[in-house]
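Undergrad: Contents of start_14.txt (compact mmCIF, C-alpha atoms) are below:
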# COMPACT_ATOMS: atom_id res chain seq x y z
CA MET C 3 3.62 -16.20 -42.02
CA LYS C 4 3.73 -14.11 -38.87
CA HIS C 5 6.78 -11.95 -38.37
CA LEU C 6 8.50 -11.59 -35.05
CA SER C 7 6.78 -9.38 -32.52
CA ARG C 8 8.53 -6.46 -30.84
CA ALA C 9 9.02 -8.47 -27.66
CA GLU C 10 10.45 -11.37 -29.68
CA PHE C 11 12.89 -9.04 -31.39
CA VAL C 12 14.03 -7.80 -28.00
CA ASP C 13 14.39 -11.36 -26.69
CA LEU C 14 16.32 -12.30 -29.81
CA ILE C 15 18.88 -9.52 -29.66
CA GLU C 16 19.42 -10.10 -25.95
CA SER C 17 19.56 -13.87 -26.04
CA ALA C 18 18.78 -15.98 -29.08
CA GLN C 19 18.00 -19.00 -26.91
CA THR C 20 14.79 -17.49 -25.58
CA LEU C 21 12.94 -17.81 -28.90
CA PRO C 22 10.78 -20.91 -29.37
CA PRO C 23 11.96 -23.27 -32.16
CA GLU C 24 9.14 -22.35 -34.59
CA ARG C 25 10.07 -18.67 -34.34
CA VAL C 26 13.71 -19.53 -34.96
CA ARG C 27 12.64 -21.43 -38.07
CA HIS C 28 10.68 -18.37 -39.20
CA LEU C 29 13.71 -16.21 -38.65
CA GLU C 30 15.83 -18.52 -40.80
CA ARG C 31 13.35 -18.12 -43.65
CA CYS C 32 12.46 -14.42 -43.25
CA GLU C 33 15.04 -12.02 -44.55
CA GLY C 34 13.10 -8.97 -43.31
CA CYS C 35 13.06 -10.17 -39.71
CA ARG C 36 16.75 -11.08 -39.86
CA ALA C 37 17.65 -7.61 -41.18
CA GLU C 38 15.54 -5.92 -38.52
CA ALA C 39 17.09 -8.01 -35.75
CA GLU C 40 20.55 -7.27 -37.05
CA ALA C 41 19.89 -3.52 -37.15
CA LEU C 42 18.43 -3.50 -33.64
CA GLY C 43 21.34 -5.54 -32.33
CA ALA C 44 23.77 -3.10 -33.94
CA MET C 45 22.04 -0.16 -32.21
CA ARG C 46 22.19 -1.92 -28.88
CA ALA C 47 25.88 -2.61 -29.41
CA ALA C 48 26.46 1.03 -30.39
CA ALA C 49 24.76 2.22 -27.21
CA LEU C 50 26.80 -0.24 -25.14
CA GLU C 51 30.01 1.19 -26.58
CA ASP C 52 29.53 4.31 -24.48
CA PRO C 53 30.82 3.20 -21.06
CA ALA C 54 29.75 4.42 -17.66
CA PRO C 55 30.83 7.94 -16.70
CA GLU C 56 33.17 8.12 -13.75
CA PRO C 57 33.76 11.43 -11.99
CA SER C 58 36.83 12.14 -9.91
CA PRO C 59 37.23 9.90 -6.83
CA LEU C 60 37.06 13.04 -4.69
CA PHE C 61 33.59 13.72 -6.02
CA TRP C 62 31.92 10.96 -4.02
CA ASP C 63 33.02 12.27 -0.63
CA HIS C 64 32.00 15.75 -1.62
CA PHE C 65 28.67 14.50 -2.93
CA SER C 66 27.74 12.44 0.12
CA ALA C 67 28.74 15.34 2.39
CA ARG C 68 26.52 17.67 0.37
CA VAL C 69 23.54 15.33 0.57
CA SER C 70 24.15 14.75 4.26
CA GLU C 71 24.15 18.47 4.90
CA ARG C 72 20.89 18.91 3.02
CA VAL C 73 19.32 15.97 4.84
CA ARG C 74 20.22 17.45 8.19
CA SER C 75 18.46 20.66 7.24
CA GLU C 76 15.29 18.67 6.52
CA SER C 77 12.82 17.60 9.16
CA ALA C 78 13.23 13.94 10.06
CA PRO C 79 11.03 11.53 8.14
CA VAL C 80 8.39 9.95 10.34
CA ALA C 81 7.41 6.32 10.18
CA ALA C 82 3.97 6.24 8.66
CA THR C 83 1.21 4.43 10.48
CA ARG C 84 0.27 2.77 7.22
CA TRP C 85 3.22 0.44 7.57
CA PHE C 86 1.11 -1.32 10.10
CA PRO C 87 -2.30 -2.85 9.53
CA PRO C 88 -5.15 -0.94 11.19
CA SER C 89 -6.06 -2.29 14.59
CA PHE C 90 -9.39 -3.85 15.48
CA ALA C 91 -10.34 -0.66 17.32
CA THR C 92 -9.75 1.33 14.14
CA TRP C 93 -11.94 -0.99 12.12
CA ALA C 94 -14.63 -0.91 14.81
CA ALA C 95 -14.58 2.88 14.96
CA ALA C 96 -14.60 3.06 11.17
CA GLY C 97 -17.58 0.73 10.95
CA THR C 98 -19.46 2.73 13.55
CA VAL C 99 -18.85 5.94 11.64
CA VAL C 100 -20.11 4.42 8.39
CA VAL C 101 -23.29 3.15 10.04
CA LEU C 102 -23.88 6.48 11.74
CA LEU C 103 -23.26 8.44 8.56
CA VAL C 104 -25.73 6.37 6.55
CA THR C 105 -28.30 6.45 9.32
CA THR C 106 -27.91 10.18 9.76
CA ALA C 107 -28.12 10.84 6.04
CA VAL C 108 -31.41 8.96 5.80
CA TRP C 109 -32.77 10.50 9.01
CA ARG C 110 -31.88 14.04 7.96
CA THR C 111 -33.97 13.74 4.80
CA THR C 112 -37.02 13.69 7.09
CA LEU C 113 -35.69 16.20 9.61
CA HIS C 114 -36.46 19.55 8.04
CA ALA C 115 -39.81 21.12 7.56
CA PRO C 116 -40.69 21.97 3.95
CA ALA C 117 -39.42 25.30 2.84
CA HIS C 118 -42.20 27.82 2.53
CA ARG C 119 -42.62 29.30 -0.92
CA SER C 120 -44.49 32.51 -1.13
CA PRO C 121 -45.88 33.76 -4.45
CA LEU C 122 -45.14 37.33 -3.36
CA PRO C 123 -41.88 38.86 -2.22
CA LEU C 124 -41.79 38.91 1.52
CA ALA C 125 -41.36 42.06 3.49
CA PRO C 126 -38.14 42.09 5.53
CA THR C 127 -40.02 41.87 8.80
CA VAL C 128 -41.90 38.77 7.63
CA ALA C 129 -38.81 37.12 6.22
CA SER C 130 -36.96 37.55 9.50
CA GLN C 131 -39.71 35.64 11.29
CA ILE C 132 -39.37 32.55 9.09
CA VAL C 133 -37.55 29.79 10.93
CA GLU C 134 -34.90 28.29 8.66
CA PRO C 135 -34.06 24.58 8.96
CA VAL C 136 -31.28 24.02 11.45
CA ASP C 137 -28.04 23.25 9.61
CA ASP C 138 -25.72 24.19 12.43
CA LEU C 139 -23.44 21.17 12.79
CA GLU C 140 -22.20 22.38 16.15
CA THR C 141 -25.63 22.08 17.74
CA ASP C 142 -26.86 19.09 15.77
CA GLU C 143 -27.16 16.11 18.16
CA ALA C 144 -26.77 13.52 15.42
CA TRP C 145 -23.50 15.03 14.29
CA ALA C 146 -22.36 15.24 17.89
CA VAL C 147 -22.67 11.44 18.07
CA VAL C 148 -20.70 11.07 14.85
CA ARG C 149 -18.04 13.51 16.05
CA GLU C 150 -17.61 11.64 19.30
CA ALA C 151 -17.37 8.25 17.59
CA ALA C 152 -14.79 9.54 15.13
CA ALA C 153 -12.75 11.51 17.65
CA ASP C 154 -9.98 8.89 17.82
CA LEU C 155 -9.96 8.20 14.12
CA ASN C 156 -7.43 10.16 12.10
CA TRP C 157 -7.85 10.81 8.41
CA GLU C 158 -5.04 8.52 7.28
CA ASP C 159 -6.52 5.56 9.14
CA ALA C 160 -9.95 6.30 7.76
CA ASP C 161 -8.59 6.65 4.23
CA GLU C 162 -6.56 3.47 4.55
CA ALA C 163 -9.57 1.63 5.90
CA GLY C 164 -11.45 2.77 2.80
CA ILE C 165 -14.12 4.72 4.65
CA ALA C 166 -13.12 8.20 3.58
CA ALA C 167 -15.55 9.81 1.17
CA HIS C 168 -14.63 9.55 -2.49
CA PRO C 169 -16.50 10.41 -5.70
CA GLY C 170 -19.14 7.78 -6.32
CA ASP C 171 -19.42 6.67 -2.69
CA VAL C 172 -23.04 7.79 -2.41
CA GLU C 173 -23.91 5.72 -5.47
CA ASP C 174 -22.08 2.76 -3.98
CA VAL C 175 -24.01 3.04 -0.73
CA ALA C 176 -27.29 3.32 -2.60
CA LEU C 177 -26.44 0.19 -4.60
CA GLN C 178 -25.81 -1.74 -1.40
CA LEU C 179 -29.28 -1.06 -0.01
CA THR C 180 -31.86 -3.82 -0.11
CA ALA C 181 -34.85 -3.44 -2.41
CA ALA C 182 -37.06 -2.44 0.52
CA GLU C 183 -34.53 0.12 1.73
CA ARG C 184 -34.24 1.57 -1.74
CA ILE C 185 -38.00 1.91 -2.01
CA GLU C 186 -38.08 3.63 1.37
CA LEU C 187 -35.20 5.93 0.42
CA ALA C 188 -36.92 6.81 -2.86
CA ARG C 189 -40.14 7.53 -0.97
CA LEU C 190 -38.35 9.80 1.50
CA LEU C 191 -36.48 11.66 -1.23
CA ASP C 192 -39.64 12.02 -3.27
CA ALA C 193 -41.55 13.37 -0.28
CA ASP C 194 -38.73 15.79 0.47
CA LEU C 195 -38.59 17.03 -3.09
CA LYS C 196 -42.33 17.54 -3.14
CA ARG C 197 -42.23 19.42 0.16
CA ASN C 198 -39.55 21.72 -1.25
CA GLY C 199 -41.61 22.29 -4.37
CA ALA C 200 -39.02 20.88 -6.75
CA MET T 20 -0.99 -8.88 13.41
CA ARG T 21 1.70 -7.17 15.41
CA PRO T 22 3.54 -4.21 13.94
CA ARG T 23 6.99 -4.93 12.62
CA HIS T 24 9.90 -3.36 14.44
CA TRP T 25 13.30 -3.31 12.89
CA GLN T 26 16.04 -4.03 15.31
CA VAL T 27 19.20 -2.05 14.71
CA THR T 28 22.13 -3.13 16.76
CA VAL T 29 25.06 -0.80 17.04
CA THR T 30 28.35 -2.24 18.11
CA ARG T 31 31.12 -0.13 19.51
CA ASP T 32 33.98 -2.56 19.64
CA ARG T 33 35.49 -1.52 16.31
CA THR T 34 38.89 0.02 16.00
CA ASP T 35 37.55 2.75 13.75
CA THR T 36 36.72 5.38 16.32
CA ALA T 37 36.09 8.28 13.97
CA ARG T 38 32.42 7.44 13.31
CA PRO T 39 31.83 4.40 15.52
CA GLU T 40 28.05 4.40 15.35
CA ILE T 41 27.86 4.77 11.58
CA ALA T 42 30.27 2.22 10.17
CA PRO T 43 28.45 -0.89 11.41
CA LEU T 44 25.25 0.27 9.78
CA ALA T 45 26.93 0.96 6.47
CA ASP T 46 28.81 -2.31 6.41
CA ALA T 47 26.31 -4.84 7.58
CA ALA T 48 22.78 -3.53 7.49
CA ASP T 49 20.54 -4.18 4.54
CA ASP T 50 18.60 -1.37 2.94
CA ARG T 51 15.39 -2.09 4.81
CA THR T 52 17.18 -1.98 8.14
CA LEU T 53 18.76 1.33 7.20
CA VAL T 54 15.40 2.74 6.16
CA ALA T 55 13.88 1.64 9.45
CA ALA T 56 16.77 3.24 11.32
CA CYS T 57 16.22 6.49 9.39
CA LEU T 58 12.56 6.44 10.31
CA GLU T 59 13.55 6.05 13.93
CA GLY T 60 15.51 9.27 13.63
CA ARG T 61 18.99 8.04 12.80
CA ARG T 62 20.14 10.32 10.01
CA ASP T 63 23.50 8.58 9.82
CA ALA T 64 21.62 5.59 8.43
CA PHE T 65 20.66 7.72 5.46
CA ASP T 66 24.32 8.61 4.97
CA ALA T 67 24.95 4.90 4.63
CA ILE T 68 22.15 4.63 2.08
CA VAL T 69 23.65 7.49 0.08
CA GLU T 70 27.10 5.95 0.11
CA ARG T 71 25.72 2.65 -1.02
CA HIS T 72 23.61 3.96 -3.91
CA GLN T 73 25.24 7.22 -4.98
CA ARG T 74 27.14 5.75 -7.91
CA GLN T 75 24.14 4.12 -9.57
CA VAL T 76 21.97 7.19 -8.98
CA TYR T 77 24.62 9.53 -10.34
CA GLN T 78 25.15 7.38 -13.42
CA LEU T 79 21.43 7.23 -14.07
CA CYS T 80 21.23 11.01 -13.81
CA TYR T 81 24.27 11.43 -16.03
CA ARG T 82 22.64 9.35 -18.76
CA PHE T 83 19.64 11.65 -18.67
CA ALA T 84 21.44 14.94 -18.14
CA GLY T 85 24.53 14.44 -20.23
CA ASN T 86 26.88 16.50 -18.09
CA HIS T 87 28.44 16.27 -14.68
CA GLU T 88 26.97 19.42 -13.13
CA ASP T 89 23.36 18.60 -13.94
CA ALA T 90 23.87 14.94 -13.07
CA SER T 91 25.28 15.90 -9.69
CA ASP T 92 22.36 18.25 -8.95
CA LEU T 93 19.82 15.69 -10.11
CA ALA T 94 21.39 12.94 -8.02
CA GLN T 95 21.27 15.16 -4.95
CA ASP T 96 17.64 15.93 -5.67
CA VAL T 97 16.88 12.22 -5.98
CA PHE T 98 18.31 11.52 -2.52
CA ILE T 99 16.53 14.46 -0.91
CA ARG T 100 13.24 13.33 -2.38
CA ALA T 101 13.94 9.79 -1.25
CA TYR T 102 14.62 11.06 2.26
CA ARG T 103 11.42 13.07 2.35
CA GLY T 104 9.39 10.15 1.08
CA LEU T 105 11.13 7.46 3.08
CA HIS T 106 7.98 6.68 5.06
CA SER T 107 6.26 5.69 1.80
CA PHE T 108 8.80 2.96 1.09
CA LYS T 109 6.80 -0.11 1.98
CA GLY T 110 9.50 -2.67 1.43
CA GLN T 111 7.52 -4.60 -1.16
CA ALA T 112 10.12 -3.95 -3.85
CA ALA T 113 13.86 -3.63 -3.42
CA PHE T 114 15.00 -0.28 -2.11
CA SER T 115 17.13 0.20 -5.23
CA THR T 116 14.02 -0.25 -7.39
CA TRP T 117 12.23 2.39 -5.34
CA LEU T 118 15.21 4.70 -5.64
CA TYR T 119 15.45 4.13 -9.39
CA ARG T 120 11.78 5.05 -9.66
CA ILE T 121 12.42 8.36 -7.94
CA GLY T 122 15.50 8.88 -10.09
CA VAL T 123 13.70 8.28 -13.37
CA ASN T 124 10.85 10.57 -12.34
CA VAL T 125 13.18 13.36 -11.25
CA CYS T 126 15.27 13.07 -14.42
CA LEU T 127 12.32 12.93 -16.78
CA ASN T 128 10.61 15.85 -15.08
CA ARG T 129 13.69 18.02 -14.93
CA MET T 130 15.45 17.04 -18.13
CA GLY T 131 12.46 16.12 -20.28
CA SER T 132 12.20 19.41 -22.08
CA ARG T 133 15.71 20.72 -21.62
CA ALA T 134 18.36 20.58 -24.25
CA GLN T 135 21.25 18.49 -23.04
CA LYS T 136 24.74 19.82 -22.75
CA TRP T 137 26.99 16.84 -23.21
CA THR T 138 30.45 16.80 -21.80
CA THR T 139 32.81 13.90 -21.56
CA LEU T 140 34.09 12.54 -18.29
CA GLU T 141 36.74 10.02 -17.70
CA ILE T 142 35.34 6.67 -18.58
CA ALA T 143 35.39 3.62 -16.39
CA ASP T 144 36.85 0.48 -17.93
CA GLN T 145 38.27 2.56 -20.71
CA PRO T 146 40.68 0.77 -23.02
CA ASP T 147 44.28 1.86 -22.68
CA LEU T 148 44.38 5.04 -24.72
CA ARG T 149 48.10 4.72 -25.30
CA LEU T 150 47.40 1.64 -27.39
CA GLU T 151 44.62 3.24 -29.38
CA ARG T 152 45.43 5.29 -32.44
CA ALA T 153 44.41 8.93 -32.23
CA ASP T 154 42.09 8.79 -35.23
CA ALA T 155 40.35 5.69 -33.89
CA ARG T 156 39.89 7.38 -30.54
CA ILE T 157 38.38 10.46 -32.14
CA LEU T 158 36.08 8.33 -34.25
CA ARG T 159 34.95 6.35 -31.20
CA GLY T 160 34.32 9.56 -29.28
CA GLU T 161 32.29 11.01 -32.13
CA ARG T 162 30.25 7.85 -32.44
CA ALA T 163 29.52 7.83 -28.71
CA ALA T 164 28.52 11.50 -28.82
CA ALA T 165 26.18 10.84 -31.73
CA VAL T 166 24.55 7.95 -29.88
CA ARG T 167 24.11 10.08 -26.73
CA ALA T 168 22.58 12.91 -28.72
CA ALA T 169 20.20 10.48 -30.42
CA ILE T 170 19.20 8.93 -27.08
CA ALA T 171 18.50 12.42 -25.75
CA ARG T 172 15.97 12.89 -28.56
CA LEU T 173 14.02 9.74 -27.81
CA PRO T 174 10.57 9.98 -26.23
CA LYS T 175 10.68 9.81 -22.42
CA LYS T 176 9.53 6.23 -21.90
CA GLN T 177 11.75 4.88 -24.64
CA ARG T 178 14.72 6.76 -23.24
CA ALA T 179 14.06 5.43 -19.75
CA ALA T 180 13.68 1.85 -21.00
CA LEU T 181 16.90 2.05 -23.02
CA ILE T 182 18.96 3.66 -20.27
CA LEU T 183 17.81 1.23 -17.59
CA ARG T 184 18.23 -1.81 -19.83
CA VAL T 185 21.47 -1.01 -21.62
CA TYR T 186 23.41 1.06 -19.11
CA HIS T 187 22.11 -0.33 -15.84
CA ASP T 188 21.54 -3.86 -17.07
CA LEU T 189 18.27 -4.16 -15.21
CA PRO T 190 15.91 -6.99 -16.13
CA HIS T 191 12.71 -6.08 -17.94
CA ASP T 192 10.47 -6.95 -15.01
CA GLU T 193 12.38 -4.62 -12.69
CA ILE T 194 12.24 -1.84 -15.28
CA ALA T 195 8.49 -2.45 -15.45
CA ARG T 196 8.25 -1.95 -11.68
CA ILE T 197 10.37 1.19 -11.87
CA VAL T 198 8.40 2.89 -14.62
CA GLY T 199 5.08 1.48 -13.45
CA THR T 200 4.12 -0.47 -16.52
CA SER T 201 4.05 -4.03 -17.87
CA VAL T 202 6.98 -6.10 -19.08
CA GLY T 203 5.41 -6.13 -22.55
CA ALA T 204 5.27 -2.34 -22.58
CA VAL T 205 8.90 -2.13 -21.46
CA LYS T 206 9.99 -4.45 -24.27
CA ALA T 207 7.93 -2.48 -26.76
CA ASN T 208 9.51 0.78 -25.57
CA PHE T 209 12.96 -0.75 -25.77
CA PHE T 210 12.25 -2.02 -29.29
CA HIS T 211 11.03 1.41 -30.40
CA ALA T 212 13.97 3.10 -28.71
CA LEU T 213 16.43 1.02 -30.73
CA ALA T 214 14.43 1.45 -33.94
CA ASN T 215 14.29 5.23 -33.44
CA LEU T 216 17.96 5.30 -32.57
CA LYS T 217 18.67 3.70 -35.93
CA LYS T 218 16.54 6.31 -37.73
CA LEU T 219 18.14 9.21 -35.87
CA LEU T 220 21.68 8.00 -36.45
CA ASN T 221 21.01 7.22 -40.12
CA SER T 222 19.46 10.64 -40.72
CA LYS T 223 22.47 12.28 -39.11
CA SER T 224 24.98 10.32 -41.16
Rewrite the coordinates I just gave you, this time as structure tokens.

TA:
Amino acid sequence: MKHLSRAEFVDLIESAQTLPPERVRHLERCEGCRAEAEALGAMRAAALEDPAPEPSPLFWDHFSARVSERVRSESAPVAATRWFPPSFATWAAAGTVVVLLVTTAVWRTTLHAPAHRSPLPLAPTVASQIVEPVDDLETDEAWAVVREAAADLNWEDADEAGIAAHPGDVEDVALQLTAAERIELARLLDADLKRNGA
Amino acid sequence: MRPRHWQVTVTRDRTDTARPEIAPLADAADDRTLVAACLEGRRDAFDAIVERHQRQVYQLCYRFAGNHEDASDLAQDVFIRAYRGLHSFKGQAAFSTWLYRIGVNVCLNRMGSRAQKWTTLEIADQPDLRLERADARILRGERAAAVRAAIARLPKKQRAALILRVYHDLPHDEIARIVGTSVGAVKANFFHALANLKKLLNSKS
């Protein structure tokens, strides 16, 4: 014999009619459930005996004036753009950025020359002659394209459109590649790791 | 899809000339219209929102705080937070639900770990005290104080479920939207709140 659940007890003390007939029959036979329901009902009634607090009628004018004063010292709330669905232009710009980001990420894995590893410590004069891979985003042409495409896209729109970077995004992108693309990506990464001596 | 624009019409042919541009908003506009007007820079629309909801917000805060001063401060805080976050009200739920959610969060955060200082205010719908015997009145007051003290000791979610259900008479599904949980969880919290209330009151007596 299954006793009443917590939700059934709540339904019972609030309105006995909501219980299905078989549960009502159980209640008629089960003294434990009846006692529990009675105790819970008594607690609800005890809580209900404490009526709503009512401050002085003058309080409300004072209160609304106080809130109004505080509100006027705040900067005005601004209607958020996310009330409105992103426009087609936003989606188009967002899509372009995603494509460019993926393309650039793959392309950059082949961009840099392998880092030179010397078995001996280099003299300062030699070290200064080594040309480091270019990581300057300001001069990078690929990033310039991305910057230009994303110039009209603000962060909120990008986030709302779901194209802002989040943890796990790289894995998601990798999972969306075709088998051939994955093989190519693995080959490029492998070659890059080997070049860097990892 | 075109963006929605709320149209707020202000009439000036009323005899009340003290605040002619505010009264029509307060009387006729629904909450969503008032919110839209606020977002368009009309702060008087927020005054109308405050006037409309101040009683329920105050009473919610009083149930959590237990005294007028804290309840008043909490209620003010609720409205200021609502004003600051007005742009995040999406209109999917009723404005009162959204406001209750802010209220419960503010109260639980501020009052959660504080000991309550209960004081008694005049009570609405109070029975005629002249007809009530003094000893019965004292007994009723003591019982109410014991119940309040026991409610103050309930875990946060149980306290919120009990206050919203018993004192604000909100349906379980609306409470679920306010506290961000399922109807089943709300009923379970309400059940446990009443069961714990029984234990606390029995242990006291």

Undergrad: Give me, as a VMD selection string, the contact residues of chain T against chain C at a cut-off of 7 Å, counting only C-alpha atoms.

TA: chain T and resid 22 58 60 66 69 to 70 78 95 99 102 to 103 105 to 106 109 140 to 143 163 166 185 203 206 to 207 210 213 to 214 216 to 217

Undergrad: Nearest to C:Glu16: which of T:His211, T:Arg156, T:Arg184, T:His87 is it, counting all atoms listed in the file?

TA: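 Among T:His211, T:Arg156, T:Arg184, T:His87, it is T:Arg184 that comes nearest to C:Glu16.
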
Undergrad: Name the closest residue to T:Ala180 among the candidates T:Val123, T:Leu219, T:Ala90, T:Leu158; distances are taken between atoms, counting only C-alpha atoms.

TA: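 The closest residue to T:Ala180 is T:Val123.
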
Undergrad: Hey, which of T:Lys176, T:Ala153, T:Tyr81, T:Asp92 ends up closest to T:Leu127? Count all atoms listed in the file.

TA: T:Lys176

Undergrad: Might you pull out every residue within 8 Å of T:Leu93, with all atoms listed in the file counted and same-chain residues fewer than 2 positions away left off, and present them as a PyMOL selection string?

TA: chain T and resi 77+80+89-91+95-97+125-126

Undergrad: So how many Å separate atom CA of T:Tyr186 and atom CA of T:Arg82, to one decimal?

TA: 8.3 Å

Undergrad: Find the residues around T:Arg120 up to 8 Å (all atoms listed in the file counted), leave out those fewer than 4 positions away in its own chain, and share them as a ChimeraX atom specification.

TA: /T:116,124,197-198

Undergrad: Would you mind reading off the distance between atom CA of C:Pro59 and atom CA of T:Phe83, one decimal, in Å?

TA: 21.3 Å

Undergrad: Using Å and a single decimal, report how far atom CA of T:Gln111 sits from atom CA of T:Cys57.

TA: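 Between atom CA of T:Cys57 and atom CA of T:Gln111 the gap works out to 17.6 Å.
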
Undergrad: Pick from C:Ala37, C:Glu30, C:Ser75, C:Leu103: nearest to C:Val175, with all atoms listed in the file counted?

TA: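 Closest residue, counting all atoms listed in the file: C:Leu103.
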
Undergrad: Which residue out of T:Glu88, T:Glu59, T:Asp50, T:Asp192 has the minimum interatomic distance to T:Arg71 when all atoms listed in the file are used?

TA: T:Asp50

Undergrad: Which residue out of T:Lys218, T:Arg167, T:Arg51, T:His191 has the minimum interatomic distance to T:Phe114 when all atoms listed in the file are used?

TA: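 Closest to T:Phe114 of all the choices is T:Arg51.
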